[in-house]
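**Student:** This is the content of structure_29.tsv (TSV, C-alpha atoms):
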chain	number	residue	atom	x	y	z
A	16	MET	CA	4.80	36.47	42.15
A	17	PHE	CA	3.28	33.14	40.98
A	18	ALA	CA	5.85	32.82	38.20
A	19	TYR	CA	8.64	33.79	40.62
A	20	ASN	CA	7.60	31.07	43.10
A	21	ILE	CA	7.51	28.40	40.37
A	22	ARG	CA	10.98	29.43	39.19
A	23	LYS	CA	12.23	29.37	42.76
A	24	ASN	CA	10.83	25.88	43.33
A	25	ILE	CA	12.40	24.58	40.13
A	26	LEU	CA	15.80	26.08	40.91
A	27	SER	CA	15.69	24.69	44.44
A	28	GLY	CA	14.78	21.23	43.19
A	29	ASP	CA	11.30	21.27	44.69
A	30	CYS	CA	8.50	19.68	42.67
A	31	VAL	CA	5.57	21.77	41.52
A	32	ALA	CA	2.26	20.00	42.06
A	33	LEU	CA	0.36	19.38	38.85
A	34	PRO	CA	-3.34	18.69	38.41
A	35	ASP	CA	-4.28	15.01	38.46
A	36	LEU	CA	-4.93	14.95	34.73
A	37	ASN	CA	-3.84	12.88	31.79
A	38	PRO	CA	-4.81	12.89	28.10
A	39	THR	CA	-7.52	10.27	28.66
A	40	SER	CA	-9.36	12.55	31.09
A	41	LEU	CA	-9.56	15.47	28.63
A	42	GLU	CA	-12.95	16.49	27.29
A	43	ARG	CA	-11.82	16.45	23.66
A	44	PRO	CA	-10.36	13.69	21.48
A	45	ALA	CA	-6.72	12.85	22.23
A	46	TYR	CA	-4.31	10.68	20.27
A	47	LEU	CA	-0.69	9.52	20.26
A	48	LEU	CA	1.45	9.70	17.12
A	49	ASN	CA	5.18	9.40	16.45
A	50	VAL	CA	7.21	11.37	13.92
A	51	PRO	CA	8.80	8.77	11.62
A	52	PHE	CA	12.43	9.64	12.40
A	53	SER	CA	13.32	5.96	12.89
A	54	LEU	CA	11.08	4.56	10.14
A	55	GLN	CA	12.71	1.82	8.06
A	56	ALA	CA	11.43	-1.21	6.18
A	57	MET	CA	14.55	-3.28	5.65
A	58	THR	CA	13.53	-5.98	8.14
A	59	SER	CA	10.50	-7.71	6.67
A	60	ASN	CA	7.97	-8.72	9.33
A	61	ASN	CA	4.73	-9.26	7.39
A	62	VAL	CA	3.62	-10.76	4.10
A	63	TRP	CA	3.00	-7.38	2.47
A	64	MET	CA	6.67	-6.52	2.94
A	65	GLU	CA	7.82	-9.93	1.79
A	66	GLU	CA	6.26	-9.32	-1.60
A	67	LEU	CA	8.45	-6.25	-2.13
A	68	LYS	CA	12.09	-6.36	-3.16
A	69	PRO	CA	14.55	-4.68	-0.75
A	70	ASN	CA	14.96	-1.65	-3.05
A	71	GLU	CA	11.15	-1.30	-3.23
A	72	ARG	CA	11.04	-1.10	0.57
A	73	HIS	CA	13.49	1.80	0.77
A	74	ILE	CA	11.89	4.63	2.78
A	75	ASP	CA	12.18	8.20	1.56
A	76	ILE	CA	12.31	9.80	5.02
A	77	LYS	CA	11.69	13.35	3.78
A	78	LYS	CA	8.60	12.21	1.92
A	79	ALA	CA	7.45	10.11	4.88
A	80	ILE	CA	7.73	13.07	7.25
A	81	LYS	CA	5.87	15.29	4.79
A	82	GLN	CA	3.05	12.75	4.56
A	83	PHE	CA	3.05	12.38	8.34
A	84	LEU	CA	2.81	16.13	8.88
A	85	GLN	CA	-0.22	16.38	6.59
A	86	LEU	CA	-1.99	13.89	8.87
A	87	TYR	CA	-0.65	15.47	12.07
A	88	ASN	CA	-1.62	19.02	11.11
A	89	PHE	CA	-5.14	17.92	10.20
A	90	MET	CA	-5.64	16.04	13.46
A	91	ALA	CA	-4.01	18.64	15.70
A	92	ALA	CA	-6.42	21.30	14.42
A	93	GLU	CA	-9.39	19.44	15.96
A	94	SER	CA	-7.91	17.31	18.76
A	95	VAL	CA	-5.05	16.95	21.23
A	96	VAL	CA	-2.17	15.08	19.61
A	97	TYR	CA	0.76	13.90	21.70
A	98	LEU	CA	4.01	12.89	20.01
A	99	LEU	CA	5.83	9.84	21.31
A	100	PRO	CA	9.55	10.69	21.53
A	101	THR	CA	11.94	8.68	19.36
A	102	PRO	CA	14.99	7.50	21.34
A	103	ARG	CA	18.36	7.47	19.60
A	104	LEU	CA	18.35	3.69	19.39
A	105	GLN	CA	18.82	1.28	16.53
A	106	GLY	CA	16.02	-1.05	15.49
A	107	LEU	CA	12.90	1.05	16.12
A	108	GLN	CA	11.81	0.77	12.51
A	109	ASP	CA	8.09	0.48	13.34
A	110	LEU	CA	7.81	2.88	16.29
A	111	VAL	CA	5.68	5.21	14.17
A	112	TYR	CA	2.88	2.62	14.24
A	113	THR	CA	1.63	3.61	17.68
A	114	ALA	CA	-1.65	1.68	17.33
A	115	ASN	CA	0.44	-1.43	18.05
A	116	LEU	CA	2.08	0.04	21.14
A	117	GLY	CA	-0.81	-0.68	23.50
A	118	ILE	CA	-4.31	0.41	24.44
A	119	VAL	CA	-5.68	2.83	27.02
A	120	VAL	CA	-8.43	1.00	28.91
A	121	ASP	CA	-11.10	3.64	28.55
A	122	HIS	CA	-13.92	1.98	30.53
A	123	LEU	CA	-12.16	2.12	33.89
A	124	PRO	CA	-13.38	5.06	36.02
A	125	ASP	CA	-9.91	6.45	36.78
A	126	HIS	CA	-8.98	6.58	33.05
A	127	ASN	CA	-5.44	5.84	34.13
A	128	THR	CA	-4.50	2.37	32.87
A	129	VAL	CA	-2.65	1.44	29.69
A	130	ILE	CA	-2.02	-2.14	28.58
A	131	LEU	CA	1.21	-2.22	26.61
A	132	SER	CA	2.01	-4.72	23.90
A	133	ASN	CA	3.85	-7.98	24.31
A	134	PHE	CA	5.09	-8.21	20.75
A	135	SER	CA	5.42	-11.47	18.86
A	136	SER	CA	7.38	-9.71	16.12
A	137	LYS	CA	11.00	-9.64	17.35
A	138	VAL	CA	11.88	-6.40	15.61
A	139	ARG	CA	9.18	-4.61	17.61
A	140	ILE	CA	10.00	-5.87	21.12
A	141	PRO	CA	12.13	-2.78	22.04
A	142	GLU	CA	9.10	-0.53	21.47
A	143	THR	CA	7.46	-1.75	24.67
A	144	LEU	CA	10.20	-0.18	26.80
A	145	VAL	CA	9.78	3.12	24.94
A	146	GLY	CA	6.05	3.07	25.61
A	147	GLU	CA	6.51	2.05	29.24
A	148	LYS	CA	8.75	5.03	29.97
A	149	PHE	CA	6.47	7.47	28.15
A	150	PHE	CA	3.25	6.41	29.84
A	151	GLN	CA	4.79	6.12	33.29
A	152	GLU	CA	6.11	9.67	33.01
A	153	MET	CA	2.62	10.76	31.94
A	154	GLY	CA	1.28	9.28	35.19
A	155	TYR	CA	-0.45	6.17	33.83
A	156	ASP	CA	-0.54	2.77	35.48
A	157	VAL	CA	1.28	0.58	32.98
A	158	VAL	CA	0.79	-3.18	32.66
A	159	ILE	CA	2.11	-5.73	30.18
A	160	PRO	CA	0.15	-8.95	29.59
A	161	PRO	CA	1.94	-12.29	30.05
A	162	TYR	CA	0.89	-13.37	26.54
A	163	HIS	CA	1.48	-11.97	23.07
A	164	PHE	CA	-0.70	-8.95	22.35
A	165	GLU	CA	-0.24	-6.13	19.83
A	166	GLY	CA	-2.22	-3.22	21.13
A	167	GLU	CA	-5.15	-1.21	19.89
A	168	ALA	CA	-4.70	-2.65	16.41
A	169	GLU	CA	-5.91	-5.94	17.92
A	170	LEU	CA	-8.43	-4.75	20.52
A	171	LYS	CA	-11.38	-2.53	19.58
A	172	HIS	CA	-13.63	-0.79	22.11
A	173	LEU	CA	-17.36	-1.02	21.35
A	174	PHE	CA	-19.03	0.55	24.40
A	175	GLY	CA	-18.89	0.37	28.20
A	176	ASN	CA	-16.61	-2.51	29.13
A	177	VAL	CA	-17.25	-4.41	25.87
A	178	TYR	CA	-14.39	-4.95	23.42
A	179	VAL	CA	-13.55	-7.07	20.37
A	180	GLY	CA	-10.16	-8.82	20.31
A	181	GLY	CA	-8.34	-10.45	17.42
A	182	TYR	CA	-6.06	-13.46	17.88
A	183	GLY	CA	-4.35	-16.23	15.97
A	184	ILE	CA	-1.52	-14.53	14.11
A	185	ARG	CA	0.10	-11.83	16.26
A	186	SER	CA	-1.90	-12.02	19.50
A	187	ASP	CA	-2.66	-14.88	21.87
A	188	LYS	CA	-6.27	-15.54	22.86
A	189	ARG	CA	-5.15	-16.07	26.45
A	190	ALA	CA	-4.20	-12.39	26.66
A	191	TYR	CA	-7.89	-11.50	26.48
A	192	THR	CA	-8.85	-13.96	29.22
A	193	TRP	CA	-6.18	-12.32	31.37
A	194	MET	CA	-7.55	-8.84	30.60
A	195	GLU	CA	-11.11	-9.88	31.44
A	196	GLU	CA	-9.94	-11.15	34.81
A	197	GLN	CA	-7.78	-8.12	35.57
A	198	PHE	CA	-9.93	-5.24	34.32
A	199	ASP	CA	-13.59	-6.34	34.38
A	200	MET	CA	-13.78	-6.44	30.59
A	201	LYS	CA	-16.00	-8.43	28.25
A	202	ILE	CA	-14.04	-9.31	25.11
A	203	ILE	CA	-15.56	-10.98	22.04
A	204	THR	CA	-12.70	-12.81	20.36
A	205	LEU	CA	-12.33	-13.22	16.60
A	206	LYS	CA	-9.81	-15.62	15.06
A	207	GLU	CA	-7.68	-14.11	12.32
A	208	THR	CA	-6.71	-16.58	9.61
A	209	ASP	CA	-5.62	-14.55	6.57
A	210	PRO	CA	-1.91	-13.60	6.73
A	211	TYR	CA	-2.61	-10.37	4.85
A	212	LEU	CA	-5.15	-9.27	7.47
A	213	TYR	CA	-3.04	-10.06	10.50
A	214	HIS	CA	-4.43	-7.40	12.85
A	215	LEU	CA	-8.04	-6.81	13.81
A	216	ASP	CA	-8.04	-3.24	12.47
A	217	CYS	CA	-7.92	-4.77	8.97
A	218	THR	CA	-11.41	-6.26	9.36
A	219	VAL	CA	-13.18	-4.40	12.20
A	220	PHE	CA	-13.83	-0.68	12.63
A	221	PRO	CA	-16.21	0.66	15.31
A	222	LEU	CA	-18.03	3.51	13.57
A	223	THR	CA	-20.21	4.55	16.52
A	224	LYS	CA	-21.15	2.94	19.83
A	225	GLU	CA	-24.02	1.23	17.99
A	226	ASN	CA	-22.54	0.45	14.55
A	227	THR	CA	-19.45	-1.50	13.52
A	228	LEU	CA	-17.85	-2.15	10.13
A	229	LEU	CA	-17.03	-5.85	9.82
A	230	SER	CA	-15.62	-7.93	7.00
A	231	THR	CA	-18.03	-10.81	7.65
A	232	GLY	CA	-16.40	-13.02	5.01
A	233	MET	CA	-13.39	-13.38	7.28
A	234	TYR	CA	-15.21	-14.90	10.27
A	235	THR	CA	-17.44	-17.82	11.17
A	236	LYS	CA	-21.20	-17.61	11.61
A	237	ALA	CA	-20.78	-18.22	15.35
A	238	GLU	CA	-18.34	-15.32	15.69
A	239	ILE	CA	-20.61	-13.00	13.70
A	240	LYS	CA	-23.62	-14.00	15.78
A	241	GLN	CA	-21.83	-12.99	18.97
A	242	LEU	CA	-21.20	-9.54	17.57
A	243	GLU	CA	-24.72	-9.17	16.19
A	244	GLY	CA	-26.04	-9.33	19.74
A	245	LEU	CA	-23.92	-6.32	20.70
A	246	THR	CA	-23.67	-4.03	17.68
A	247	ASN	CA	-25.27	-3.32	14.33
A	248	ILE	CA	-22.93	-4.84	11.73
A	249	ILE	CA	-22.20	-2.92	8.55
A	250	ASP	CA	-21.02	-5.65	6.20
A	251	ILE	CA	-17.77	-4.90	4.39
A	252	SER	CA	-16.63	-6.90	1.38
A	253	ASN	CA	-13.36	-8.81	1.49
A	254	ASP	CA	-12.02	-6.64	-1.33
A	255	ASP	CA	-12.69	-3.43	0.60
A	256	ALA	CA	-11.05	-4.96	3.68
A	257	PHE	CA	-7.91	-5.80	1.70
A	258	SER	CA	-7.92	-2.21	0.41
A	259	GLY	CA	-7.97	-0.87	3.96
A	260	ILE	CA	-11.47	0.46	4.56
A	261	CYS	CA	-11.44	-0.75	8.18
A	262	ASN	CA	-8.01	0.79	8.76
A	263	SER	CA	-9.74	4.08	9.48
A	264	VAL	CA	-9.71	6.46	12.43
A	265	ARG	CA	-12.69	8.43	13.69
A	266	MET	CA	-12.04	12.01	14.80
A	267	GLY	CA	-15.30	13.67	15.77
A	268	ASN	CA	-17.53	13.45	12.71
A	269	ILE	CA	-14.65	12.77	10.31
A	270	LEU	CA	-13.45	9.36	9.11
A	271	LEU	CA	-9.74	9.40	8.29
A	272	ASN	CA	-8.42	6.83	5.83
A	273	ALA	CA	-5.29	6.26	3.74
A	274	SER	CA	-5.38	6.44	-0.04
A	275	ASN	CA	-2.59	6.89	-2.55
A	276	ILE	CA	-4.96	6.85	-5.51
A	277	HIS	CA	-3.62	10.18	-6.80
A	278	GLU	CA	-0.21	8.57	-7.23
A	279	MET	CA	-1.72	5.69	-9.20
A	280	LYS	CA	-2.48	5.34	-12.87
A	281	LYS	CA	-5.81	3.97	-14.05
A	282	SER	CA	-3.90	1.04	-15.54
A	283	ASP	CA	-2.39	0.10	-12.16
A	284	GLN	CA	-3.40	-3.28	-10.79
A	285	TYR	CA	-5.05	-1.90	-7.66
A	286	TYR	CA	-6.52	1.33	-9.02
A	287	GLU	CA	-10.10	0.07	-9.34
A	288	SER	CA	-10.13	-1.61	-5.93
A	289	GLU	CA	-8.76	1.55	-4.31
A	290	ARG	CA	-11.36	3.71	-6.01
A	291	GLN	CA	-14.12	1.29	-4.94
A	292	LYS	CA	-12.92	1.33	-1.33
A	293	ASN	CA	-12.91	5.13	-1.26
A	294	ARG	CA	-16.43	5.30	-2.70
A	295	THR	CA	-17.71	2.74	-0.21
A	296	LEU	CA	-16.29	4.72	2.72
A	297	GLU	CA	-17.73	7.95	1.36
A	298	ASP	CA	-21.15	6.30	1.07
A	299	ILE	CA	-20.96	4.99	4.64
A	300	ALA	CA	-19.85	8.41	5.87
A	301	SER	CA	-22.78	10.08	4.13
A	302	ASN	CA	-25.30	7.55	5.42
A	303	TYR	CA	-24.23	7.96	9.05
A	304	GLY	CA	-23.57	11.70	9.20
A	305	PHE	CA	-19.78	11.69	8.75
A	306	GLU	CA	-17.31	13.24	6.38
A	307	ALA	CA	-14.46	11.21	4.85
A	308	ALA	CA	-10.90	12.52	4.63
A	309	PHE	CA	-8.16	10.68	2.75
A	310	PHE	CA	-4.39	10.97	3.27
A	311	ASN	CA	-1.57	9.73	1.08
A	312	THR	CA	0.63	7.47	3.22
A	313	SER	CA	2.40	5.66	0.39
A	314	GLU	CA	5.78	5.60	2.19
A	315	PHE	CA	4.17	3.74	5.08
A	316	LEU	CA	2.68	1.17	2.72
A	317	LYS	CA	6.23	-0.10	2.30
A	318	SER	CA	5.86	-1.43	5.86
A	319	GLY	CA	2.49	-2.96	5.00
A	320	ALA	CA	0.87	-0.24	7.12
A	321	LEU	CA	-2.16	2.02	6.70
A	322	LEU	CA	-3.47	5.07	8.52
A	323	SER	CA	-4.99	3.35	11.56
A	324	CYS	CA	-1.57	1.84	12.32
A	325	MET	CA	-0.19	5.35	12.91
A	326	VAL	CA	-2.73	6.48	15.51
A	327	MET	CA	-3.26	5.36	19.11
A	328	HIS	CA	-6.35	6.62	20.92
A	329	LEU	CA	-5.63	8.21	24.30
A	330	ASN	CA	-9.36	8.56	24.85
A	331	ARG	CA	-12.61	7.82	22.97
A	332	LYS	CA	-14.25	11.25	23.19
A	333	SER	CA	-15.06	11.18	19.48
A	334	TYR	CA	-17.50	8.36	20.22
A	335	ASP	CA	-19.38	10.51	22.72
A	336	MET	CA	-20.44	12.83	19.90
A	337	ILE	CA	-24.07	12.40	18.82
A	338	LEU	CA	-24.38	12.72	15.06
A	339	THR	CA	-27.52	14.21	13.52
Could you write out this file's structure as structure tokens?
**Tutor:**
Amino acid sequence: MFAYNIRKNILSGDCVALPDLNPTSLERPAYLLNVPFSLQAMTSNNVWMEELKPNERHIDIKKAIKQFLQLYNFMAAESVVYLLPTPRLQGLQDLVYTANLGIVVDHLPDHNTVILSNFSSKVRIPETLVGEKFFQEMGYDVVIPPYHFEGEAELKHLFGNVYVGGYGIRSDKRAYTWMEEQFDMKIITLKETDPYLYHLDCTVFPLTKENTLLSTGMYTKAEIKQLEGLTNIIDISNDDAFSGICNSVRMGNILLNASNIHEMKKSDQYYESERQKNRTLEDIASNYGFEAAFFNTSEFLKSGALLSCMVMHLNRKSYDMILT
């Protein structure tokens, strides 16, 4: 009878009431990914891409989807993973990098607000409309800051209402002042100066609510001091930052990171730095009660992107886990 009534309501055009839930309110980790149907790298929009010739940036879509599915299958086994639909539109070459799409403001009690990106990169501007439609249909309150801001890749949640925001290359510092005024947030701002580390997720990775990986060589003593009063800093070398150690994602007690070392030869220019980065992350994982898991995302490297770029947190339930 219940199924019959639902079918009757649908056929008659009546709406069926749904629980007042969204992914952020779930009691297990939830993330947003996008299948790389529209992935391209022909339009260069960062220095990593500019160093590659056009033929070197050609994306093998079949390989990219295979690499994506290895990550997706691993994450979906332990968490809720939503897939952002890909509209049949031209120009969405970077839509797969959902970490830049926005950030769910997790400290608000209703868990119902998402701040979407105001992209400075012209090729990415259409993504905001895609995200706006998706999150509105999911029942979120959607806002877009009046200043340039590039999502979770630039704004890291530490604990409570305390965040760290990166500015200077892709995001405007005024965006964080606006957020503090609108959403009762405290944001420690860090100025990004190296064009190769143009988002905050290249140099900052919150490991737990008490511990944060930070490439201290990239910031001033005053900036570091501000963070030291809020979190225990795990110092990361500049070399490990360039190799992507901070471009990690925490899922429960697992640290996910990109590595294409198995495609490399020992004679390759970056082989030793990649091996060192992997060993450093494994040591950190062991010291703090985590496991490390590495995924080959070599097709996405052609966009200058690493694993953290491909994952947007819909909640922070992983950080509620107490490790022993």
**Student:** So, counting only C-alpha atoms, which residue among A:Arg294, A:Arg185, A:Leu107, A:Leu205 is closest to Lys236 in chain A?
**Tutor:**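 Among A:Arg294, A:Arg185, A:Leu107, A:Leu205, it is A:Leu205 that comes nearest to Lys236 in chain A.
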**Student:** For CA of Ile239 in chain A and CA of His122 in chain A, determine how far apart the two atoms are, in Å to one decimal place.
**Tutor:**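 Value for the CA of Ile239 in chain A-CA of His122 in chain A distance: 23.5 Å.
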**Student:** Could you give me, as a ChimeraX atom specification, the residues that sit within 9 Å of (14.1, -4.0, 5.0) in the file's coordinates, counting all atoms listed in the file?
**Tutor:** /A:55-60,64,68-70,72-73,318
**Student:** Between CA of Lys332 in chain A and CA of Gly267 in chain A, what is the distance, to one decimal in Å?
**Tutor:**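 About the pair CA of Lys332 in chain A and CA of Gly267 in chain A: they are 7.9 Å apart.
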**Student:** Hey, can you check how far CA of Leu242 in chain A sits from CA of Leu229 in chain A?
**Tutor:** 9.5 Å
**Student:** Rank nothing, just name the residue among A:Asp209, A:Glu167, A:Glu93, A:Asp199 nearest to Trp63 in chain A, using only C-alpha atoms.
**Tutor:**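 Once distances to Trp63 in chain A are computed over only C-alpha atoms, the minimum belongs to A:Asp209.
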**Student:** When you look at Asn272 in chain A with a cut-off of 10 Å (counting all atoms listed in the file), what residues show up, excluding the ones that are within fewer than 2 positions of it in the same chain? I need them as a list in words.
**Tutor:** Gly259, Ile260, Cys261, Asn262, Ser263, Val264, Arg265, Ile269, Leu270, Ser274, Asn293, Leu296, Ala307, Ala308, Phe309, Phe310, Asn311, Thr312, Leu321, Leu322 and Ser323 of chain A
**Student:** Between A:Gln82, A:Ser186, A:Thr223, A:Gln241, which is the closest to Ile203 in chain A once you count all atoms listed in the file?
**Tutor:**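 Ranking A:Gln82, A:Ser186, A:Thr223, A:Gln241 by distance to Ile203 in chain A, first place goes to A:Gln241.
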**Student:** With distances taken over only C-alpha atoms, which of A:Ser135, A:Ile337, A:Ile130, A:Asn226 is nearest to Glu147 in chain A?
**Tutor:**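 Nearest to Glu147 in chain A: A:Ile130.
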**Student:** Mind working out the centre and edge lengths of an axis-aligned box for range 102-119 of chain A, all listed atoms inside, 8 Å added to each side, rounded to one decimal in Å and written as lines of an AutoDock Vina configuration file?
**Tutor:**
center_x = 6.6
center_y = 3.0
center_z = 19.8
size_x = 40.5
size_y = 24.9
size_z = 30.5
**Student:** Go through A:Asn275, A:Thr39, A:Asn127, A:Asn133 one by one, measure the shortest atom-to-atom distance of each to Arg331 in chain A using all atoms listed in the file, and give the residue with the smallest value.
**Tutor:**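 Result for the nearest residue to Arg331 in chain A: A:Thr39.
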**Student:** Between A:Leu104, A:Leu215, A:Val95, A:Ile251, single out the one closest to Ile184 in chain A, counting all atoms listed in the file.
**Tutor:**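 Closest to Ile184 in chain A of all the choices is A:Leu215.
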**Student:** Write out N, CA and C atoms for range 115-143 of chain A, as a PDB file, in the frame of the given file.
**Tutor:**
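Output file part.pdb is given in full below:
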ATOM      1  N   ASN A 115      -0.043  -0.134  17.565  1.00  0.00           N
ATOM      2  CA  ASN A 115       0.440  -1.430  18.050  1.00  0.00           C
ATOM      3  C   ASN A 115       1.129  -1.345  19.398  1.00  0.00           C
ATOM      4  N   LEU A 116       1.310  -0.140  19.908  1.00  0.00           N
ATOM      5  CA  LEU A 116       2.080   0.040  21.140  1.00  0.00           C
ATOM      6  C   LEU A 116       1.316  -0.420  22.370  1.00  0.00           C
ATOM      7  N   GLY A 117       0.009  -0.300  22.350  1.00  0.00           N
ATOM      8  CA  GLY A 117      -0.810  -0.680  23.500  1.00  0.00           C
ATOM      9  C   GLY A 117      -2.206  -0.132  23.354  1.00  0.00           C
ATOM     10  N   ILE A 118      -2.963  -0.156  24.453  1.00  0.00           N
ATOM     11  CA  ILE A 118      -4.310   0.410  24.440  1.00  0.00           C
ATOM     12  C   ILE A 118      -4.609   1.018  25.804  1.00  0.00           C
ATOM     13  N   VAL A 119      -5.194   2.209  25.800  1.00  0.00           N
ATOM     14  CA  VAL A 119      -5.680   2.830  27.020  1.00  0.00           C
ATOM     15  C   VAL A 119      -7.038   2.222  27.337  1.00  0.00           C
ATOM     16  N   VAL A 120      -7.185   1.673  28.534  1.00  0.00           N
ATOM     17  CA  VAL A 120      -8.430   1.000  28.910  1.00  0.00           C
ATOM     18  C   VAL A 120      -9.433   2.061  29.327  1.00  0.00           C
ATOM     19  N   ASP A 121     -10.278   2.444  28.390  1.00  0.00           N
ATOM     20  CA  ASP A 121     -11.100   3.640  28.550  1.00  0.00           C
ATOM     21  C   ASP A 121     -12.291   3.425  29.489  1.00  0.00           C
ATOM     22  N   HIS A 122     -12.708   2.184  29.741  1.00  0.00           N
ATOM     23  CA  HIS A 122     -13.920   1.980  30.530  1.00  0.00           C
ATOM     24  C   HIS A 122     -13.680   2.083  32.035  1.00  0.00           C
ATOM     25  N   LEU A 123     -12.431   2.034  32.464  1.00  0.00           N
ATOM     26  CA  LEU A 123     -12.160   2.120  33.890  1.00  0.00           C
ATOM     27  C   LEU A 123     -12.395   3.550  34.387  1.00  0.00           C
ATOM     28  N   PRO A 124     -12.987   3.727  35.567  1.00  0.00           N
ATOM     29  CA  PRO A 124     -13.380   5.060  36.020  1.00  0.00           C
ATOM     30  C   PRO A 124     -12.233   6.028  36.234  1.00  0.00           C
ATOM     31  N   ASP A 125     -11.018   5.514  36.557  1.00  0.00           N
ATOM     32  CA  ASP A 125      -9.910   6.450  36.780  1.00  0.00           C
ATOM     33  C   ASP A 125      -9.220   6.875  35.487  1.00  0.00           C
ATOM     34  N   HIS A 126      -9.560   6.237  34.356  1.00  0.00           N
ATOM     35  CA  HIS A 126      -8.980   6.580  33.050  1.00  0.00           C
ATOM     36  C   HIS A 126      -7.451   6.650  33.132  1.00  0.00           C
ATOM     37  N   ASN A 127      -6.857   5.702  33.795  1.00  0.00           N
ATOM     38  CA  ASN A 127      -5.440   5.840  34.130  1.00  0.00           C
ATOM     39  C   ASN A 127      -4.631   4.577  33.864  1.00  0.00           C
ATOM     40  N   THR A 128      -5.190   3.639  33.087  1.00  0.00           N
ATOM     41  CA  THR A 128      -4.500   2.370  32.870  1.00  0.00           C
ATOM     42  C   THR A 128      -4.224   2.162  31.391  1.00  0.00           C
ATOM     43  N   VAL A 129      -3.004   1.780  31.061  1.00  0.00           N
ATOM     44  CA  VAL A 129      -2.650   1.440  29.690  1.00  0.00           C
ATOM     45  C   VAL A 129      -2.052   0.039  29.683  1.00  0.00           C
ATOM     46  N   ILE A 130      -2.562  -0.801  28.779  1.00  0.00           N
ATOM     47  CA  ILE A 130      -2.020  -2.140  28.580  1.00  0.00           C
ATOM     48  C   ILE A 130      -1.052  -2.072  27.405  1.00  0.00           C
ATOM     49  N   LEU A 131       0.223  -2.260  27.669  1.00  0.00           N
ATOM     50  CA  LEU A 131       1.210  -2.220  26.610  1.00  0.00           C
ATOM     51  C   LEU A 131       1.306  -3.551  25.886  1.00  0.00           C
ATOM     52  N   SER A 132       1.914  -3.524  24.731  1.00  0.00           N
ATOM     53  CA  SER A 132       2.010  -4.720  23.900  1.00  0.00           C
ATOM     54  C   SER A 132       3.109  -5.661  24.371  1.00  0.00           C
ATOM     55  N   ASN A 133       2.856  -6.930  24.155  1.00  0.00           N
ATOM     56  CA  ASN A 133       3.850  -7.980  24.310  1.00  0.00           C
ATOM     57  C   ASN A 133       4.046  -8.547  22.910  1.00  0.00           C
ATOM     58  N   PHE A 134       4.986  -7.959  22.181  1.00  0.00           N
ATOM     59  CA  PHE A 134       5.090  -8.210  20.750  1.00  0.00           C
ATOM     60  C   PHE A 134       5.561  -9.622  20.428  1.00  0.00           C
ATOM     61  N   SER A 135       4.950 -10.195  19.398  1.00  0.00           N
ATOM     62  CA  SER A 135       5.420 -11.470  18.860  1.00  0.00           C
ATOM     63  C   SER A 135       6.451 -11.241  17.757  1.00  0.00           C
ATOM     64  N   SER A 136       6.411 -10.066  17.152  1.00  0.00           N
ATOM     65  CA  SER A 136       7.380  -9.710  16.120  1.00  0.00           C
ATOM     66  C   SER A 136       8.657  -9.213  16.795  1.00  0.00           C
ATOM     67  N   LYS A 137       9.765  -9.935  16.615  1.00  0.00           N
ATOM     68  CA  LYS A 137      11.000  -9.640  17.350  1.00  0.00           C
ATOM     69  C   LYS A 137      11.504  -8.223  17.118  1.00  0.00           C
ATOM     70  N   VAL A 138      11.351  -7.728  15.908  1.00  0.00           N
ATOM     71  CA  VAL A 138      11.880  -6.400  15.610  1.00  0.00           C
ATOM     72  C   VAL A 138      11.153  -5.305  16.388  1.00  0.00           C
ATOM     73  N   ARG A 139       9.973  -5.622  16.924  1.00  0.00           N
ATOM     74  CA  ARG A 139       9.180  -4.610  17.610  1.00  0.00           C
ATOM     75  C   ARG A 139       9.287  -4.688  19.136  1.00  0.00           C
ATOM     76  N   ILE A 140       9.927  -5.699  19.662  1.00  0.00           N
ATOM     77  CA  ILE A 140      10.000  -5.870  21.120  1.00  0.00           C
ATOM     78  C   ILE A 140      10.555  -4.637  21.839  1.00  0.00           C
ATOM     79  N   PRO A 141      11.604  -3.951  21.330  1.00  0.00           N
ATOM     80  CA  PRO A 141      12.130  -2.780  22.040  1.00  0.00           C
ATOM     81  C   PRO A 141      11.127  -1.631  22.197  1.00  0.00           C
ATOM     82  N   GLU A 142      10.078  -1.617  21.385  1.00  0.00           N
ATOM     83  CA  GLU A 142       9.100  -0.530  21.470  1.00  0.00           C
ATOM     84  C   GLU A 142       8.366  -0.513  22.808  1.00  0.00           C
ATOM     85  N   THR A 143       8.197  -1.674  23.408  1.00  0.00           N
ATOM     86  CA  THR A 143       7.460  -1.750  24.670  1.00  0.00           C
ATOM     87  C   THR A 143       8.144  -0.921  25.747  1.00  0.00           C
TER      88      THR A 143
END
